[in-house]
>>> print(open('final_31.cif').read())   # mmCIF, C-alpha atoms and all ligand atoms
data_entry
loop_
_atom_site.label_atom_id
_atom_site.label_comp_id
_atom_site.auth_asym_id
_atom_site.auth_seq_id
_atom_site.Cartn_x
_atom_site.Cartn_y
_atom_site.Cartn_z
CA MET A 17 131.77 76.47 126.25
CA TRP A 18 130.64 78.40 129.31
CA PHE A 19 127.99 80.46 127.51
CA ALA A 20 126.24 77.40 126.05
CA ALA A 21 126.26 75.67 129.45
CA TYR A 22 125.00 78.81 131.19
CA VAL A 23 122.17 79.21 128.71
CA GLU A 24 121.18 75.55 129.09
CA ARG A 25 121.00 76.04 132.87
CA GLN A 26 118.71 79.04 132.34
CA TYR A 27 116.44 77.09 129.96
CA ALA A 28 116.14 74.36 132.59
CA LEU A 29 114.83 76.94 135.07
CA CYS A 30 112.16 78.18 132.66
CA GLU A 31 108.70 76.83 133.40
CA GLY A 32 106.92 78.83 130.72
CA ASP A 33 107.71 79.62 127.09
CA ALA A 34 111.47 79.55 126.55
CA GLY A 35 111.06 80.87 122.99
CA PRO A 36 112.07 84.46 123.78
CA MET A 37 115.22 83.19 125.48
CA ARG A 38 116.10 81.09 122.44
CA LEU A 39 115.77 84.21 120.27
CA LYS A 40 118.28 85.96 122.54
CA GLU A 41 120.69 83.06 122.18
CA GLN A 42 120.35 83.23 118.40
CA HIS A 43 120.84 87.02 118.55
CA THR A 44 124.00 86.58 120.63
CA ARG A 45 125.52 84.24 118.07
CA ALA A 46 124.72 86.63 115.23
CA VAL A 47 126.20 89.62 117.10
CA LEU A 48 129.33 87.58 117.78
CA GLY A 49 129.61 86.81 114.07
CA HIS A 50 129.35 90.48 113.13
CA ALA A 51 131.88 91.50 115.80
CA ARG A 52 134.32 88.84 114.61
CA HIS A 53 134.02 90.09 111.05
CA MET A 54 134.55 93.70 112.14
CA ALA A 55 137.55 92.97 114.37
CA ARG A 56 139.20 91.17 111.46
CA GLU A 57 138.38 93.81 108.86
CA GLU A 58 139.48 96.67 111.11
CA ARG A 59 142.70 94.80 111.92
CA PHE A 60 142.29 95.37 115.65
CA ALA A 61 145.25 94.48 117.85
CA PRO A 62 144.80 90.98 119.31
CA HIS A 63 143.81 92.16 122.80
CA ILE A 64 141.18 94.55 121.37
CA ALA A 65 139.83 91.82 119.10
CA ARG A 66 139.67 89.42 122.04
CA ALA A 67 137.76 91.97 124.15
CA CYS A 68 135.35 92.59 121.25
CA LEU A 69 134.54 88.89 120.92
CA LEU A 70 134.06 88.41 124.66
CA ALA A 71 131.88 91.51 124.92
CA ALA A 72 129.79 90.42 121.92
CA LEU A 73 129.31 86.93 123.34
CA TYR A 74 128.33 88.22 126.77
CA HIS A 75 126.60 91.50 125.98
CA ASP A 76 123.12 90.07 126.58
CA VAL A 77 124.04 87.46 129.20
CA ALA A 78 121.61 89.06 131.67
CA ARG A 79 118.67 88.67 129.28
CA PHE A 80 118.10 85.11 130.46
CA ALA A 81 117.87 85.95 134.16
CA GLN A 82 115.85 89.04 133.25
CA TYR A 83 113.27 86.97 131.41
CA LEU A 84 113.14 84.29 134.11
CA ARG A 85 112.72 86.76 136.93
CA TYR A 86 110.64 89.49 135.34
CA GLY A 87 109.12 87.93 132.20
CA THR A 88 110.19 90.92 130.11
CA PHE A 89 113.14 92.35 128.21
CA ARG A 90 112.16 95.92 129.05
CA ASP A 91 114.85 97.35 131.28
CA ARG A 92 112.47 100.06 132.43
CA ASP A 93 110.17 97.43 133.93
CA SER A 94 112.96 95.31 135.39
CA ARG A 95 116.70 96.06 135.54
CA ASN A 96 119.40 97.52 133.35
CA HIS A 97 120.58 94.38 131.53
CA GLY A 98 123.97 95.85 130.59
CA LEU A 99 125.04 96.58 134.15
CA TRP A 100 123.42 93.35 135.31
CA GLY A 101 125.35 91.38 132.69
CA ALA A 102 128.67 92.77 133.90
CA ALA A 103 127.68 91.83 137.47
CA ILE A 104 126.83 88.25 136.40
CA LEU A 105 130.19 87.88 134.65
CA LYS A 106 132.00 89.11 137.76
CA ARG A 107 129.96 86.88 140.06
CA GLU A 108 130.64 83.84 137.90
CA GLY A 109 134.33 84.76 137.69
CA ARG A 110 133.83 84.36 133.97
CA LEU A 111 136.70 86.59 132.79
CA GLU A 112 139.15 85.71 135.54
CA GLY A 113 141.42 83.80 133.17
CA GLU A 114 141.72 86.78 130.81
CA ASP A 115 144.41 89.42 130.68
CA ARG A 116 143.47 92.35 132.99
CA THR A 117 143.14 94.87 130.18
CA VAL A 118 140.99 92.52 128.11
CA ARG A 119 138.75 91.84 131.11
CA ARG A 120 138.28 95.55 131.83
CA LEU A 121 137.52 96.37 128.19
CA ALA A 122 135.02 93.52 127.85
CA LEU A 123 133.22 94.23 131.13
CA THR A 124 132.92 97.93 130.32
CA ALA A 125 131.54 97.22 126.86
CA VAL A 126 128.94 94.81 128.28
CA ALA A 127 127.93 97.37 130.91
CA LEU A 128 127.65 100.20 128.37
CA HIS A 129 126.30 98.42 125.30
CA ASN A 130 122.69 99.45 125.95
CA ARG A 131 123.31 103.04 127.04
CA TYR A 132 121.57 105.68 124.95
CA ALA A 133 124.96 107.30 124.31
CA LEU A 134 128.51 106.42 125.31
CA PRO A 135 130.33 108.80 127.68
CA ALA A 136 132.42 111.24 125.62
CA SER A 137 135.41 110.70 127.92
CA LEU A 138 135.78 106.98 127.14
CA PRO A 139 139.42 106.04 126.38
CA PRO A 140 139.90 105.14 122.68
CA ASP A 141 140.36 101.38 123.15
CA MET A 142 137.32 101.17 125.36
CA ALA A 143 135.28 103.18 122.88
CA ARG A 144 136.48 100.90 120.07
CA VAL A 145 135.26 97.77 121.85
CA ALA A 146 131.98 99.35 122.94
CA TRP A 147 131.26 100.69 119.44
CA THR A 148 132.00 97.31 117.92
CA VAL A 149 129.43 95.62 120.12
CA ARG A 150 126.87 98.36 119.62
CA ASP A 151 127.25 98.32 115.82
CA ALA A 152 127.13 94.50 115.74
CA ASP A 153 124.03 94.58 117.95
CA LYS A 154 122.29 97.03 115.61
CA LEU A 155 123.21 94.93 112.57
CA ASP A 156 121.37 91.97 114.03
CA ILE A 157 118.41 94.11 115.11
CA LEU A 158 117.88 94.71 111.37
CA ARG A 159 117.42 90.94 110.95
CA VAL A 160 115.08 90.64 113.94
CA MET A 161 112.92 93.55 112.74
CA ASP A 162 112.85 92.39 109.13
CA GLU A 163 111.84 88.87 110.12
CA HIS A 164 109.05 90.24 112.25
CA LEU A 165 107.77 92.92 109.89
CA SER A 166 107.89 90.52 106.92
CA GLY A 167 105.60 88.18 108.84
CA PRO A 168 101.84 88.30 109.30
CA ARG A 169 100.06 91.21 110.94
CA PRO A 170 99.20 92.23 113.57
CA TYR A 171 102.73 92.87 114.74
CA CYS A 172 103.79 91.98 118.25
CA PRO A 173 103.51 95.19 120.32
CA THR A 174 106.72 94.34 122.20
CA VAL A 175 108.72 94.13 118.97
CA VAL A 176 107.28 97.34 117.47
CA LEU A 177 107.54 99.22 120.78
CA GLY A 178 103.76 99.56 120.98
CA LEU A 179 103.72 101.80 117.87
CA PRO A 180 100.55 101.81 115.72
CA ASP A 181 100.71 100.18 112.28
CA ALA A 182 98.96 103.23 110.81
CA GLU A 183 99.92 104.84 107.50
CA ASP A 184 98.59 108.24 108.50
CA GLN A 185 100.76 108.51 111.62
CA VAL A 186 103.86 110.18 110.25
CA SER A 187 106.68 111.82 112.16
CA GLU A 188 107.95 114.82 110.20
CA LYS A 189 111.02 114.87 112.43
CA VAL A 190 111.98 111.29 111.52
CA LEU A 191 111.46 112.04 107.81
CA GLN A 192 113.62 115.17 108.07
CA ASP A 193 116.35 113.19 109.83
CA ALA A 194 116.32 110.62 107.02
CA LEU A 195 116.54 113.30 104.34
CA THR A 196 119.38 115.19 106.03
CA GLY A 197 121.55 112.24 107.06
CA ARG A 198 120.82 112.37 110.78
CA VAL A 199 120.16 109.37 113.00
CA ALA A 200 116.49 109.37 114.02
CA ALA A 201 115.51 109.07 117.69
CA TYR A 202 113.13 106.54 119.21
CA ALA A 203 111.36 109.36 121.04
CA ASP A 204 110.20 110.83 117.70
CA LEU A 205 108.58 107.66 116.37
CA ARG A 206 104.84 107.74 115.75
CA SER A 207 104.24 104.55 113.76
CA VAL A 208 105.75 101.30 112.50
CA ASN A 209 106.67 103.01 109.24
CA ASP A 210 108.62 105.63 111.18
CA PHE A 211 110.43 102.74 112.85
CA ARG A 212 111.41 101.37 109.41
CA VAL A 213 112.85 104.78 108.54
CA LEU A 214 114.71 105.00 111.85
CA LEU A 215 116.36 101.63 111.19
CA GLY A 216 117.47 102.92 107.77
CA THR A 217 119.08 106.00 109.36
CA TRP A 218 121.34 103.74 111.42
CA LEU A 219 123.67 103.65 108.42
CA ASP A 220 125.03 106.91 109.86
CA ASP A 221 125.30 105.34 113.31
CA MET A 222 127.87 102.77 112.18
CA HIS A 223 131.29 103.61 113.57
CA PHE A 224 133.58 101.61 111.29
CA ALA A 225 134.01 101.16 107.56
CA SER A 226 133.41 97.43 108.06
CA SER A 227 130.10 97.88 109.90
CA ARG A 228 128.95 100.43 107.32
CA ARG A 229 129.66 97.90 104.60
CA LEU A 230 127.85 95.14 106.49
CA PHE A 231 124.92 97.48 107.03
CA ALA A 232 124.66 98.48 103.37
CA ALA A 233 124.98 94.84 102.27
CA SER A 234 122.22 93.68 104.62
CA PRO A 235 119.22 92.34 102.72
CA HIS A 236 117.21 93.05 105.87
CA VAL A 237 117.55 96.81 105.76
CA VAL A 238 116.65 96.85 102.07
CA ARG A 239 113.49 94.83 102.77
CA LEU A 240 112.60 97.04 105.73
CA LEU A 241 112.86 100.16 103.57
CA GLU A 242 111.14 98.64 100.56
CA GLY A 243 108.22 97.90 102.89
CA LEU A 244 107.56 101.64 103.14
CA PRO A 245 104.84 103.10 100.90
CA ARG A 246 106.25 104.17 97.50
CA GLU A 247 103.85 107.10 97.32
CA GLY A 248 102.95 109.83 99.76
CA ALA A 249 104.74 111.07 102.86
CA TYR A 250 107.39 108.33 102.98
CA ALA A 251 108.33 108.27 99.30
CA ALA A 252 111.24 110.73 99.49
CA ALA A 253 112.79 109.24 102.65
CA ARG A 254 112.40 105.72 101.22
CA ALA A 255 114.15 106.66 97.97
CA CYS A 256 116.86 108.65 99.76
CA LEU A 257 117.77 105.89 102.21
CA LEU A 258 117.75 103.17 99.54
CA ARG A 259 119.96 105.35 97.32
CA ARG A 260 122.47 105.90 100.14
CA LEU A 261 122.70 102.17 100.78
CA GLU A 262 123.34 101.65 97.10
CA GLU A 263 126.09 104.31 97.16
CA VAL A 264 127.88 102.61 100.06
CA ARG A 265 127.60 99.26 98.28
CA ARG A 266 129.12 100.79 95.14
CA GLU A 267 131.95 102.41 97.14
CA SER A 268 132.70 99.05 98.77
CA ALA A 269 132.75 97.27 95.44
CA CYS A 270 135.15 99.91 94.15
CA PRO A 271 137.02 101.31 97.20
CA GLY A 272 139.53 103.30 95.13
CA GLY A 273 136.79 105.45 93.60
CA ALA A 274 135.12 105.47 90.22
CA LEU A 275 136.84 103.50 87.48
FE FE B 1 121.46 94.10 124.94
#
>>> encode(input="final_31.cif", output="structure tokens")
Amino acid sequence: MWFAAYVERQYALCEGDAGPMRLKEQHTRAVLGHARHMAREERFAPHIARACLLAALYHDVARFAQYLRYGTFRDRDSRNHGLWGAAILKREGRLEGEDRTVRRLALTAVALHNRYALPASLPPDMARVAWTVRDADKLDILRVMDEHLSGPRPYCPTVVLGLPDAEDQVSEKVLQDALTGRVAAYADLRSVNDFRVLLGTWLDDMHFASSRRLFAASPHVVRLLEGLPREGAYAAARACLLRRLEEVRRESACPGGAL
């Protein structure tokens, strides 16, 4: 498989700690798994499903070169890894054997997967593929964050975006978003607990019934939210988000409505 061989070549070039690259490889495989599940559940046409799988497999292909060259995964301090990934795939002629439409859909989704927002004018099939990769990516970010925040303190500043692990740093905006069903924004975060809340609000940032179900069924998001203080400023948002997850799980168990 090309991806496995490419990744091995990148590991061989790494003179320092290859651990962060291995985490990206693991992340890629998890995102691919989510995308495969979604494409099947949503009954995408075969060429859309194929583009989703290719885009999921290659969405972070530039992360390896990014880490080798710049020692960071921060695009701001290096390069945009979505656009770079599409350029790597073109340079390597990776999608040459694919149908033209599939190639265009996959390359566009790789290039756009890390954009803050997708262009509103995106054609429906392109949007479908890009949303699949973005939802699948977010689903695995829940795992990455849960594994980190369930571990020992202090948290790694890179993982928690440099936010303080301070109970008294509360973003009222993030709490309001959680209580009113809006997706919270990174720019409003003031602490690690705000970050936990933001991750919980991603339920409303899932674009398909299948990704919503996967999200609600994720043990990671439950653990992330249960890690919030039960009392005080976070109590209402914690209860509200956990209740909404439970509602989606109930709907999924009984899709025709209440029995
Ligand atoms: Fe990415």
>>> closest_residue(input="final_31.cif", among="A:Arg265, A:Arg212, A:Arg95, A:Arg239", to="ligand FE 1 (chain B)", atoms="all atoms listed in the file")
A:Arg95
>>> residues_near_point(input="final_31.cif", point="(129.3, 96.6, 123.0)", cutoff="12 Å", atoms="only C-alpha atoms", output="ChimeraX atom specification")
/A:44,47-48,50-51,67-76,98-99,101-102,121-131,133-134,142-154,223
>>> closest_residue(input="final_31.cif", among="A:Met37, A:Gly167, A:Asp193, A:Asp156", to="Gly49 of chain A", atoms="all atoms listed in the file")
A:Asp156
>>> closest_residue(input="final_31.cif", among="A:Ala21, A:Ala34, A:Val77, A:Leu29", to="ligand FE 1 (chain B)", atoms="only C-alpha atoms and all ligand atoms")
A:Val77
>>> residues_around(input="final_31.cif", residues="segment 162-166 of chain A", least_positions_apart="2", cutoff="8 Å", atoms="all atoms listed in the file", output="VMD selection string")
chain A and resid 158 to 160 168 to 169 171 175 236 to 237 239 to 240
>>> atom_distance(input="final_31.cif", atom1="atom CA of Pro180 of chain A", atom2="atom CA of Ser207 of chain A")
5.0 Å
